[in-house]
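J.: Next comes model_19.tsv, TSV, C-alpha atoms:
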```tsv
chain	number	residue	atom	x	y	z
A	1	ALA	CA	0.00	0.00	0.00
A	2	SER	CA	1.15	3.52	-0.73
A	3	VAL	CA	0.94	4.56	2.92
A	4	LEU	CA	3.55	1.95	3.86
A	5	ILE	CA	5.79	2.87	0.93
A	6	GLN	CA	5.64	6.52	1.97
A	7	ARG	CA	6.65	5.67	5.52
A	8	CYS	CA	9.53	3.34	4.63
A	9	PRO	CA	10.37	2.74	0.96
A	10	ALA	CA	13.27	0.48	2.00
A	11	CYS	CA	10.92	-1.98	3.72
A	12	PHE	CA	7.83	-1.77	1.54
A	13	GLY	CA	8.96	-0.50	-1.85
A	14	GLY	CA	9.94	-3.91	-3.21
A	15	VAL	CA	8.04	-5.92	-5.79
A	16	ALA	CA	9.14	-9.46	-4.87
A	17	PHE	CA	7.58	-10.99	-1.78
A	18	GLY	CA	7.30	-14.51	-0.40
A	19	ARG	CA	10.67	-15.09	1.25
A	20	ASP	CA	10.43	-18.07	3.59
A	21	LEU	CA	10.10	-17.26	7.27
A	22	SER	CA	12.89	-19.70	8.06
A	23	GLU	CA	15.18	-17.40	6.05
A	24	GLY	CA	14.08	-14.24	7.84
A	25	GLY	CA	10.94	-13.31	5.95
A	26	ASP	CA	10.35	-10.21	3.83
A	27	ILE	CA	9.66	-7.62	6.52
A	28	HIS	CA	10.79	-7.13	10.10
A	29	VAL	CA	8.63	-5.08	12.48
A	30	ALA	CA	8.62	-4.51	16.23
A	31	THR	CA	5.87	-3.60	18.67
A	32	ASP	CA	5.83	-2.37	22.25
A	33	GLY	CA	3.72	-0.39	24.69
A	34	ASN	CA	4.58	2.76	26.64
A	35	PHE	CA	2.60	3.82	29.70
A	36	HIS	CA	4.13	7.29	30.04
A	37	HIS	CA	2.17	8.68	27.09
A	38	ARG	CA	-1.10	9.05	28.96
A	39	HIS	CA	-4.05	11.39	28.51
A	40	ARG	CA	-5.86	13.02	31.42
A	41	ARG	CA	-9.58	12.41	31.45
A	42	SER	CA	-10.18	16.00	32.59
A	43	ALA	CA	-8.48	17.43	29.45
A	44	GLY	CA	-11.54	16.62	27.32
A	45	ASN	CA	-11.69	16.90	23.56
A	46	SER	CA	-11.95	19.43	20.77
A	47	PRO	CA	-14.22	19.52	17.69
A	48	HIS	CA	-13.27	16.90	15.09
A	49	PHE	CA	-11.29	18.55	12.29
A	50	TYR	CA	-9.15	15.80	10.70
A	51	ASP	CA	-8.82	12.03	10.43
A	52	THR	CA	-5.88	10.41	12.14
A	53	SER	CA	-3.34	8.77	9.87
A	54	TYR	CA	-1.19	6.96	12.42
A	55	PHE	CA	-3.59	5.79	15.14
A	56	LEU	CA	-5.97	2.87	14.78
A	57	LEU	CA	-9.58	3.62	15.65
A	58	LYS	CA	-10.72	2.52	19.11
A	59	ALA	CA	-13.56	0.51	17.53
A	60	GLN	CA	-11.04	-1.42	15.44
A	61	VAL	CA	-8.94	-2.33	18.48
A	62	ASP	CA	-12.00	-3.17	20.61
A	63	ALA	CA	-13.34	-5.45	17.86
A	64	ILE	CA	-10.07	-7.41	17.98
A	65	GLY	CA	-10.30	-7.54	21.77
A	66	HIS	CA	-13.85	-8.90	21.63
A	67	HIS	CA	-12.80	-11.50	19.08
A	68	ILE	CA	-9.92	-12.62	21.33
A	69	LEU	CA	-12.28	-13.01	24.30
A	70	GLN	CA	-14.70	-15.05	22.20
A	71	SER	CA	-11.89	-17.22	20.85
A	72	ARG	CA	-10.60	-17.98	24.34
A	73	LYS	CA	-13.95	-19.43	25.35
A	74	SER	CA	-13.10	-22.46	23.22
A	75	PRO	CA	-10.60	-25.01	24.55
A	76	PRO	CA	-7.03	-24.54	23.28
A	77	ARG	CA	-6.47	-26.48	20.09
A	78	PRO	CA	-3.61	-28.98	20.03
A	79	HIS	CA	-0.53	-27.81	18.18
A	80	LYS	CA	3.09	-28.78	17.80
A	81	SER	CA	5.39	-26.43	19.71
A	82	SER	CA	9.18	-26.33	19.55
A	83	VAL	CA	9.25	-24.79	23.04
A	84	PRO	CA	7.85	-26.62	26.10
A	85	HIS	CA	4.74	-24.97	27.51
A	86	GLU	CA	6.41	-24.90	30.93
A	87	ALA	CA	9.14	-22.63	29.54
A	88	ILE	CA	6.65	-20.21	27.97
A	89	ASP	CA	4.64	-20.21	31.21
A	90	GLN	CA	7.81	-19.10	33.02
A	91	CYS	CA	8.34	-16.34	30.47
A	92	GLU	CA	4.73	-15.23	30.83
A	93	ASN	CA	5.09	-15.00	34.61
A	94	SER	CA	8.36	-13.09	34.35
A	95	TYR	CA	7.24	-10.18	32.18
A	96	GLU	CA	4.67	-7.49	32.95
A	97	ALA	CA	3.90	-7.10	29.24
A	98	ALA	CA	2.50	-10.64	29.25
A	99	ASP	CA	0.10	-9.85	32.10
A	100	GLY	CA	-2.79	-7.93	30.58
A	101	LYS	CA	-4.50	-7.70	33.97
A	102	LYS	CA	-1.58	-6.04	35.77
A	103	GLN	CA	-2.39	-2.38	36.36
A	104	LYS	CA	0.35	-0.12	35.01
A	105	SER	CA	-1.60	3.12	35.12
A	106	SER	CA	-4.58	4.52	37.01
A	107	MET	CA	-7.88	4.53	35.14
A	108	GLU	CA	-9.35	7.10	37.53
A	109	SER	CA	-7.37	10.06	36.18
A	110	PHE	CA	-6.59	8.89	32.64
A	111	ASP	CA	-8.86	7.77	29.80
A	112	ASP	CA	-5.89	6.68	27.66
A	113	THR	CA	-3.24	5.03	29.80
A	114	GLY	CA	-0.54	4.50	27.17
A	115	VAL	CA	0.39	3.98	23.55
A	116	MET	CA	1.26	0.84	21.58
A	117	ALA	CA	3.55	1.30	18.58
A	118	LEU	CA	4.39	-0.75	15.51
A	119	ILE	CA	7.64	0.19	13.77
A	120	CYS	CA	9.71	-1.15	10.89
A	121	ARG	CA	13.29	-2.37	11.26
A	122	HIS	CA	14.54	1.16	10.48
A	123	ASP	CA	12.76	2.49	13.59
A	124	ILE	CA	10.14	4.35	11.53
A	125	PRO	CA	6.69	4.32	13.19
A	126	LEU	CA	4.03	2.68	11.05
A	127	PHE	CA	0.96	2.73	13.28
A	128	PHE	CA	-0.06	3.37	16.89
A	129	ALA	CA	-2.93	2.26	19.08
A	130	ASN	CA	-4.14	4.00	22.22
A	131	ILE	CA	-4.07	1.79	25.31
A	132	ASP	CA	-7.25	2.34	27.30
A	133	THR	CA	-6.93	-0.55	29.76
A	134	PRO	CA	-4.88	-0.72	32.97
A	135	GLY	CA	-2.48	-3.29	31.45
A	136	GLU	CA	-0.90	-4.18	28.11
A	137	GLN	CA	-3.41	-6.61	26.66
A	138	GLN	CA	-2.75	-8.74	23.58
A	139	LYS	CA	-5.46	-6.98	21.59
A	140	TYR	CA	-3.23	-3.98	20.90
A	141	ALA	CA	-0.36	-5.93	19.34
A	142	VAL	CA	-2.79	-8.17	17.45
A	143	ALA	CA	-4.76	-5.19	16.11
A	144	LEU	CA	-1.57	-3.53	14.83
A	145	ILE	CA	-0.36	-6.73	13.16
A	146	ASP	CA	-3.79	-7.40	11.65
A	147	HIS	CA	-3.94	-3.85	10.26
A	148	LEU	CA	-0.46	-4.18	8.78
A	149	PHE	CA	-1.40	-7.33	6.89
A	150	THR	CA	-4.41	-5.60	5.31
A	151	LEU	CA	-1.93	-3.31	3.54
A	152	LEU	CA	0.61	-5.92	2.46
A	153	PRO	CA	0.72	-8.11	-0.67
A	154	PRO	CA	-0.83	-11.57	-0.04
A	155	ARG	CA	2.55	-13.34	-0.31
A	156	ALA	CA	4.43	-11.04	2.06
A	157	THR	CA	5.97	-12.67	5.16
A	158	VAL	CA	6.54	-10.77	8.40
A	159	VAL	CA	8.70	-11.33	11.46
A	160	THR	CA	7.40	-9.45	14.51
A	161	LEU	CA	9.74	-8.76	17.41
A	162	TYR	CA	7.97	-8.27	20.73
A	163	ASP	CA	9.10	-8.47	24.37
A	164	VAL	CA	6.84	-11.47	24.91
A	165	GLY	CA	6.69	-12.73	21.34
A	166	CYS	CA	6.81	-16.31	22.61
A	167	VAL	CA	3.62	-15.85	24.63
A	168	LEU	CA	1.70	-14.13	21.82
A	169	SER	CA	2.89	-16.74	19.33
A	170	ARG	CA	1.51	-19.52	21.52
A	171	SER	CA	-1.82	-17.72	21.90
A	172	LEU	CA	-2.19	-17.49	18.11
A	173	ASP	CA	-1.38	-21.20	17.82
A	174	GLN	CA	-3.88	-22.19	20.50
A	175	TYR	CA	-6.81	-19.98	19.54
A	176	ASP	CA	-8.44	-18.75	16.35
A	177	ILE	CA	-7.39	-15.14	16.91
A	178	LEU	CA	-5.99	-14.35	13.47
A	179	PRO	CA	-6.94	-16.07	10.20
A	180	SER	CA	-4.58	-18.71	8.87
A	181	ILE	CA	-3.81	-16.54	5.83
A	182	ILE	CA	-2.00	-14.25	8.28
A	183	THR	CA	-0.52	-16.73	10.75
A	184	LYS	CA	1.15	-18.81	8.03
A	185	HIS	CA	2.96	-15.65	6.89
A	186	LEU	CA	3.84	-14.51	10.42
A	187	HIS	CA	6.67	-15.43	12.77
A	188	PHE	CA	7.56	-14.03	16.18
A	189	ALA	CA	10.83	-13.30	17.94
A	190	THR	CA	11.62	-11.61	21.22
A	191	THR	CA	13.48	-8.31	21.30
A	192	ALA	CA	17.24	-8.66	21.65
A	193	MET	CA	17.59	-6.91	25.01
A	194	HIS	CA	14.68	-8.74	26.65
A	195	ALA	CA	15.56	-12.13	25.17
A	196	TYR	CA	18.09	-12.91	27.88
A	197	GLY	CA	15.39	-12.73	30.54
A	198	HIS	CA	13.53	-15.57	28.84
A	199	GLU	CA	13.97	-19.26	29.51
A	200	TRP	CA	16.83	-20.91	27.62
A	201	ALA	CA	14.45	-23.19	25.73
A	202	CYS	CA	12.57	-20.07	24.63
A	203	GLN	CA	15.75	-18.28	23.57
A	204	LEU	CA	16.76	-21.12	21.29
A	205	GLU	CA	13.59	-20.50	19.28
A	206	TYR	CA	12.80	-16.80	19.74
A	207	ASN	CA	16.07	-14.95	20.48
A	208	PRO	CA	16.74	-12.86	17.34
A	209	ARG	CA	20.47	-13.38	17.79
A	210	MET	CA	19.87	-17.11	17.40
A	211	SER	CA	17.33	-16.87	14.59
A	212	HIS	CA	18.50	-17.42	11.03
A	213	GLY	CA	17.84	-14.53	8.66
A	214	LEU	CA	17.12	-11.75	11.17
A	215	GLY	CA	20.53	-10.14	10.72
A	216	LEU	CA	20.93	-7.12	12.99
A	217	SER	CA	17.20	-6.59	13.58
A	218	ASP	CA	16.97	-6.27	17.36
A	219	GLY	CA	13.38	-5.13	17.94
A	220	GLU	CA	14.59	-2.40	20.28
A	221	GLY	CA	13.67	0.38	17.87
A	222	THR	CA	10.54	1.01	19.92
A	223	GLU	CA	12.76	1.98	22.87
A	224	ARG	CA	14.63	4.39	20.62
A	225	LEU	CA	11.29	5.75	19.40
A	226	TRP	CA	10.09	6.36	22.96
A	227	SER	CA	13.32	8.22	23.63
A	228	ARG	CA	12.64	10.50	20.67
A	229	LEU	CA	9.02	11.08	21.71
A	230	VAL	CA	9.77	11.79	25.37
A	231	ARG	CA	9.26	15.53	24.96
A	232	LEU	CA	5.60	14.92	24.04
A	233	ILE	CA	4.68	13.24	27.33
A	234	GLY	CA	3.82	16.42	29.21
A	235	ILE	CA	2.04	17.98	26.23
A	236	GLN	CA	-0.17	15.00	25.50
A	237	ARG	CA	-1.42	14.56	29.04
A	238	SER	CA	-3.32	17.83	28.96
A	239	SER	CA	-4.03	18.17	25.23
A	240	SER	CA	-7.34	17.42	23.57
A	241	VAL	CA	-8.01	13.85	22.47
A	242	SER	CA	-7.78	14.89	18.81
A	243	PHE	CA	-4.23	16.16	19.30
A	244	PHE	CA	-3.27	13.12	21.35
A	245	ASP	CA	-4.43	10.80	18.57
A	246	ASP	CA	-1.95	12.07	15.97
A	247	PRO	CA	1.61	13.32	16.49
A	248	PRO	CA	2.44	16.80	15.17
A	249	THR	CA	3.26	16.80	11.45
A	250	GLU	CA	6.73	18.24	12.05
A	251	LEU	CA	7.56	15.36	14.39
A	252	THR	CA	6.28	12.56	12.18
A	253	ASP	CA	8.09	14.06	9.21
A	254	SER	CA	11.34	14.06	11.15
A	255	LEU	CA	10.77	10.47	12.31
A	256	SER	CA	10.26	9.34	8.73
```
What would you get if you wrote out this structure as structure tokens?

T.:
Amino acid sequence: ASVLIQRCPACFGGVAFGRDLSEGGDIHVATDGNFHHRHRRSAGNSPHFYDTSYFLLKAQVDAIGHHILQSRKSPPRPHKSSVPHEAIDQCENSYEAADGKKQKSSMESFDDTGVMALICRHDIPLFFANIDTPGEQQKYAVALIDHLFTLLPPRATVVTLYDVGCVLSRSLDQYDILPSIITKHLHFATTAMHAYGHEWACQLEYNPRMSHGLGLSDGEGTERLWSRLVRLIGIQRSSSVSFFDDPPTELTDSLS
């Protein structure tokens, strides 16, 4: 899609897609949440005067969340895993990002408690989603990935680096969260810095430094993005919702 080519021609400007995931796939992206970019409930909103180009609509994210809840009502389907479930359980218990129920921000004062970002391997932001729950639930990462695939050629393969990529990967294997047309073109890895906090059995499969074809993709570009956006934290907390939902043009131009 043209919007992806405009944001990163190096990642999305090609014409040949379909590289096997075992060889690194066609596209590397990373996702992560930040709970410093919050919006005060008392700040209110302003009249609608433009459509956001970076942020997913709340209805789109909530629809994914509802679908995940419905899918989880069915028993987990059997699947072949290269990592023991006990190891992934340990990873899930070790990381806050894997605990969607853990409160990271107060819902009393804030209506948006954080931001979830999806970036390409060159640290260019592709899309964002407002976090409006106390914790970092899977629906935000899934919604961003699902939206990305709607804009990609059918044959394109994607490797997604995420702090708890092992946990999200297992969820997609166990439940009908994303259609098979997406999951068969999708592979997960952990981010390089967080990988060493995972179980060894998990690292052998998901550590990007041990994954063939990932090169120097480390998935830590989201941390570098948050560092570049730090000056917006104070502004966004008291701005209108419309301003909060799209970064200033000057900033996004400089990021791209």

J.: Considering only C-alpha atoms, tabulate each residue of segment 178-243 of chain A that lies at most 8 Å from segment 110-129 of chain A along with its nearest interatomic pair and the corresponding distance in Å to one decimal; arrange the rows by chain and ascending residue number and present them as a Markdown table.

T.:
```
| residue | atom | partner | partner_atom | distance |
| --- | --- | --- | --- | --- |
| A:Ser217 | CA | A:Arg121 | CA | 6.2 |
| A:Gly219 | CA | A:Arg121 | CA | 7.2 |
| A:Gly221 | CA | A:Asp123 | CA | 4.9 |
| A:Thr222 | CA | A:Ile119 | CA | 6.8 |
| A:Arg224 | CA | A:Asp123 | CA | 7.5 |
| A:Leu225 | CA | A:Asp123 | CA | 6.8 |
```

J.: Rounded to one decimal place, report the atom CA of Phe149 of chain A-atom CA of Arg19 of chain A distance in Å.

T.: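 A separation of 15.4 Å between them.
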
J.: Considering only C-alpha atoms, give me a table of residues in segment 169-195 of chain A that are at most 7 Å from segment 76-85 of chain A, with the closest atom pair and distance in Å for each, as a Markdown table.

T.:
```
| residue | atom | partner | partner_atom | distance |
| --- | --- | --- | --- | --- |
| A:Asp173 | CA | A:His79 | CA | 6.7 |
| A:Gln174 | CA | A:Pro76 | CA | 4.8 |
| A:Tyr175 | CA | A:Pro76 | CA | 5.9 |
```

J.: Measuring between all atoms listed in the file, which one of A:Val167, A:Leu186, A:Leu178, A:Pro208 shows the shortest distance to Cys91 of chain A?

T.: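 Looking at the shortest contact to Cys91 of chain A, the residue is A:Val167.
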
J.: Point out the residue among A:Ala201, A:Leu214, A:Ile181, A:Ala141 with the least atom-to-atom distance to Thr31 of chain A, counting only C-alpha atoms.

T.: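 Ranking A:Ala201, A:Leu214, A:Ile181, A:Ala141 by distance to Thr31 of chain A, first place goes to A:Ala141.
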
J.: Considering all atoms listed in the file, state which residue in the set A:Phe188, A:Tyr162, A:Tyr140, A:Tyr95 is at the smallest distance from Ile64 of chain A.

T.: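 Looking at the shortest contact to Ile64 of chain A, the residue is A:Tyr140.
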
J.: In Å, how far is it from atom CA of Arg170 of chain A to atom CA of Ile88 of chain A?

T.: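 Atom-to-atom, atom CA of Arg170 of chain A and atom CA of Ile88 of chain A are spaced 8.3 Å apart.
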
J.: Quick check, in Å to one decimal: how far apart do atom CA of Leu57 of chain A and atom CA of His185 of chain A lie?

T.: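 Separation of atom CA of Leu57 of chain A and atom CA of His185 of chain A: 24.6 Å.
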
J.: Taking (12.9, -16.5, 18.8) in the coordinates of the supplied file, I want to know which residues reach to within 9 Å of it, counting all atoms listed in the file; could you give the answer as an MDAnalysis selection string?

T.: chainID A and resid 161 165:166 187:191 195 202:211

J.: Using only C-alpha atoms, please write the residues we just selected to a file, as a CSV table (one decimal), in the coordinates of the input.

T.:
```csv
chain,number,residue,atom,x,y,z
A,161,LEU,CA,9.7,-8.8,17.4
A,165,GLY,CA,6.7,-12.7,21.3
A,166,CYS,CA,6.8,-16.3,22.6
A,187,HIS,CA,6.7,-15.4,12.8
A,188,PHE,CA,7.6,-14.0,16.2
A,189,ALA,CA,10.8,-13.3,17.9
A,190,THR,CA,11.6,-11.6,21.2
A,191,THR,CA,13.5,-8.3,21.3
A,195,ALA,CA,15.6,-12.1,25.2
A,202,CYS,CA,12.6,-20.1,24.6
A,203,GLN,CA,15.8,-18.3,23.6
A,204,LEU,CA,16.8,-21.1,21.3
A,205,GLU,CA,13.6,-20.5,19.3
A,206,TYR,CA,12.8,-16.8,19.7
A,207,ASN,CA,16.1,-15.0,20.5
A,208,PRO,CA,16.7,-12.9,17.3
A,209,ARG,CA,20.5,-13.4,17.8
A,210,MET,CA,19.9,-17.1,17.4
A,211,SER,CA,17.3,-16.9,14.6
```

J.: Nearest to Ile177 of chain A among A:Asp51, A:Met193, A:Asp163, A:Gln138, with distances taken over all atoms listed in the file: which residue is it?

T.: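 Closest residue, counting all atoms listed in the file: A:Gln138.
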
J.: Add whatever atoms are absent from segment 67-89 of chain A to reach N, CA, C and O atoms, and provide the output as a PDB file, in the frame of the given file.

T.:
```
ATOM      1  N   HIS A  67     -13.036 -10.242  19.791  1.00  0.00           N
ATOM      2  CA  HIS A  67     -12.800 -11.500  19.080  1.00  0.00           C
ATOM      3  C   HIS A  67     -11.865 -12.413  19.872  1.00  0.00           C
ATOM      4  O   HIS A  67     -12.060 -13.629  19.920  1.00  0.00           O
ATOM      5  N   ILE A  68     -10.851 -11.830  20.519  1.00  0.00           N
ATOM      6  CA  ILE A  68      -9.920 -12.620  21.330  1.00  0.00           C
ATOM      7  C   ILE A  68     -10.664 -13.258  22.507  1.00  0.00           C
ATOM      8  O   ILE A  68     -10.478 -14.436  22.819  1.00  0.00           O
ATOM      9  N   LEU A  69     -11.515 -12.484  23.177  1.00  0.00           N
ATOM     10  CA  LEU A  69     -12.280 -13.010  24.300  1.00  0.00           C
ATOM     11  C   LEU A  69     -13.186 -14.161  23.858  1.00  0.00           C
ATOM     12  O   LEU A  69     -13.304 -15.181  24.547  1.00  0.00           O
ATOM     13  N   GLN A  70     -13.831 -13.997  22.716  1.00  0.00           N
ATOM     14  CA  GLN A  70     -14.700 -15.050  22.200  1.00  0.00           C
ATOM     15  C   GLN A  70     -13.900 -16.302  21.837  1.00  0.00           C
ATOM     16  O   GLN A  70     -14.328 -17.429  22.094  1.00  0.00           O
ATOM     17  N   SER A  71     -12.724 -16.090  21.248  1.00  0.00           N
ATOM     18  CA  SER A  71     -11.890 -17.220  20.850  1.00  0.00           C
ATOM     19  C   SER A  71     -11.418 -18.015  22.055  1.00  0.00           C
ATOM     20  O   SER A  71     -11.319 -19.252  22.014  1.00  0.00           O
ATOM     21  N   ARG A  72     -11.130 -17.320  23.139  1.00  0.00           N
ATOM     22  CA  ARG A  72     -10.600 -17.980  24.340  1.00  0.00           C
ATOM     23  C   ARG A  72     -11.655 -18.771  25.095  1.00  0.00           C
ATOM     24  O   ARG A  72     -11.327 -19.499  26.025  1.00  0.00           O
ATOM     25  N   LYS A  73     -12.905 -18.626  24.714  1.00  0.00           N
ATOM     26  CA  LYS A  73     -13.950 -19.430  25.350  1.00  0.00           C
ATOM     27  C   LYS A  73     -13.909 -20.877  24.865  1.00  0.00           C
ATOM     28  O   LYS A  73     -14.455 -21.758  25.522  1.00  0.00           O
ATOM     29  N   SER A  74     -13.269 -21.095  23.727  1.00  0.00           N
ATOM     30  CA  SER A  74     -13.100 -22.460  23.220  1.00  0.00           C
ATOM     31  C   SER A  74     -11.850 -23.071  23.839  1.00  0.00           C
ATOM     32  O   SER A  74     -10.903 -22.353  24.187  1.00  0.00           O
ATOM     33  N   PRO A  75     -11.809 -24.383  23.995  1.00  0.00           N
ATOM     34  CA  PRO A  75     -10.600 -25.010  24.550  1.00  0.00           C
ATOM     35  C   PRO A  75      -9.422 -24.825  23.601  1.00  0.00           C
ATOM     36  O   PRO A  75      -9.603 -24.756  22.377  1.00  0.00           O
ATOM     37  N   PRO A  76      -8.207 -24.706  24.141  1.00  0.00           N
ATOM     38  CA  PRO A  76      -7.030 -24.540  23.280  1.00  0.00           C
ATOM     39  C   PRO A  76      -6.902 -25.713  22.312  1.00  0.00           C
ATOM     40  O   PRO A  76      -7.080 -26.869  22.694  1.00  0.00           O
ATOM     41  N   ARG A  77      -6.619 -25.415  21.072  1.00  0.00           N
ATOM     42  CA  ARG A  77      -6.470 -26.480  20.090  1.00  0.00           C
ATOM     43  C   ARG A  77      -5.058 -27.065  20.182  1.00  0.00           C
ATOM     44  O   ARG A  77      -4.089 -26.352  20.454  1.00  0.00           O
ATOM     45  N   PRO A  78      -4.937 -28.349  19.971  1.00  0.00           N
ATOM     46  CA  PRO A  78      -3.610 -28.980  20.030  1.00  0.00           C
ATOM     47  C   PRO A  78      -2.724 -28.476  18.897  1.00  0.00           C
ATOM     48  O   PRO A  78      -3.193 -28.251  17.774  1.00  0.00           O
ATOM     49  N   HIS A  79      -1.471 -28.264  19.191  1.00  0.00           N
ATOM     50  CA  HIS A  79      -0.530 -27.810  18.180  1.00  0.00           C
ATOM     51  C   HIS A  79       0.870 -28.262  18.551  1.00  0.00           C
ATOM     52  O   HIS A  79       1.170 -28.504  19.721  1.00  0.00           O
ATOM     53  N   LYS A  80       1.710 -28.369  17.577  1.00  0.00           N
ATOM     54  CA  LYS A  80       3.090 -28.780  17.800  1.00  0.00           C
ATOM     55  C   LYS A  80       3.929 -27.562  18.113  1.00  0.00           C
ATOM     56  O   LYS A  80       3.988 -26.613  17.326  1.00  0.00           O
ATOM     57  N   SER A  81       4.578 -27.565  19.272  1.00  0.00           N
ATOM     58  CA  SER A  81       5.390 -26.430  19.710  1.00  0.00           C
ATOM     59  C   SER A  81       6.834 -26.872  19.880  1.00  0.00           C
ATOM     60  O   SER A  81       7.112 -27.931  20.436  1.00  0.00           O
ATOM     61  N   SER A  82       7.751 -26.033  19.403  1.00  0.00           N
ATOM     62  CA  SER A  82       9.180 -26.330  19.550  1.00  0.00           C
ATOM     63  C   SER A  82       9.708 -25.926  20.914  1.00  0.00           C
ATOM     64  O   SER A  82      10.855 -26.229  21.253  1.00  0.00           O
ATOM     65  N   VAL A  83       8.858 -25.223  21.693  1.00  0.00           N
ATOM     66  CA  VAL A  83       9.250 -24.790  23.040  1.00  0.00           C
ATOM     67  C   VAL A  83       8.274 -25.400  24.044  1.00  0.00           C
ATOM     68  O   VAL A  83       7.053 -25.286  23.859  1.00  0.00           O
ATOM     69  N   PRO A  84       8.763 -26.040  25.093  1.00  0.00           N
ATOM     70  CA  PRO A  84       7.850 -26.620  26.100  1.00  0.00           C
ATOM     71  C   PRO A  84       6.935 -25.555  26.693  1.00  0.00           C
ATOM     72  O   PRO A  84       7.353 -24.416  26.916  1.00  0.00           O
ATOM     73  N   HIS A  85       5.692 -25.928  26.944  1.00  0.00           N
ATOM     74  CA  HIS A  85       4.740 -24.970  27.510  1.00  0.00           C
ATOM     75  C   HIS A  85       5.208 -24.471  28.872  1.00  0.00           C
ATOM     76  O   HIS A  85       4.929 -23.318  29.246  1.00  0.00           O
ATOM     77  N   GLU A  86       5.921 -25.314  29.615  1.00  0.00           N
ATOM     78  CA  GLU A  86       6.410 -24.900  30.930  1.00  0.00           C
ATOM     79  C   GLU A  86       7.375 -23.712  30.804  1.00  0.00           C
ATOM     80  O   GLU A  86       7.370 -22.811  31.633  1.00  0.00           O
ATOM     81  N   ALA A  87       8.186 -23.725  29.749  1.00  0.00           N
ATOM     82  CA  ALA A  87       9.140 -22.630  29.540  1.00  0.00           C
ATOM     83  C   ALA A  87       8.406 -21.334  29.206  1.00  0.00           C
ATOM     84  O   ALA A  87       8.736 -20.264  29.734  1.00  0.00           O
ATOM     85  N   ILE A  88       7.398 -21.419  28.331  1.00  0.00           N
ATOM     86  CA  ILE A  88       6.650 -20.210  27.970  1.00  0.00           C
ATOM     87  C   ILE A  88       5.843 -19.709  29.157  1.00  0.00           C
ATOM     88  O   ILE A  88       5.674 -18.499  29.351  1.00  0.00           O
ATOM     89  N   ASP A  89       5.345 -20.624  29.989  1.00  0.00           N
ATOM     90  CA  ASP A  89       4.640 -20.210  31.210  1.00  0.00           C
ATOM     91  C   ASP A  89       5.568 -19.401  32.109  1.00  0.00           C
ATOM     92  O   ASP A  89       5.148 -18.402  32.709  1.00  0.00           O
TER      93      ASP A  89
END
```
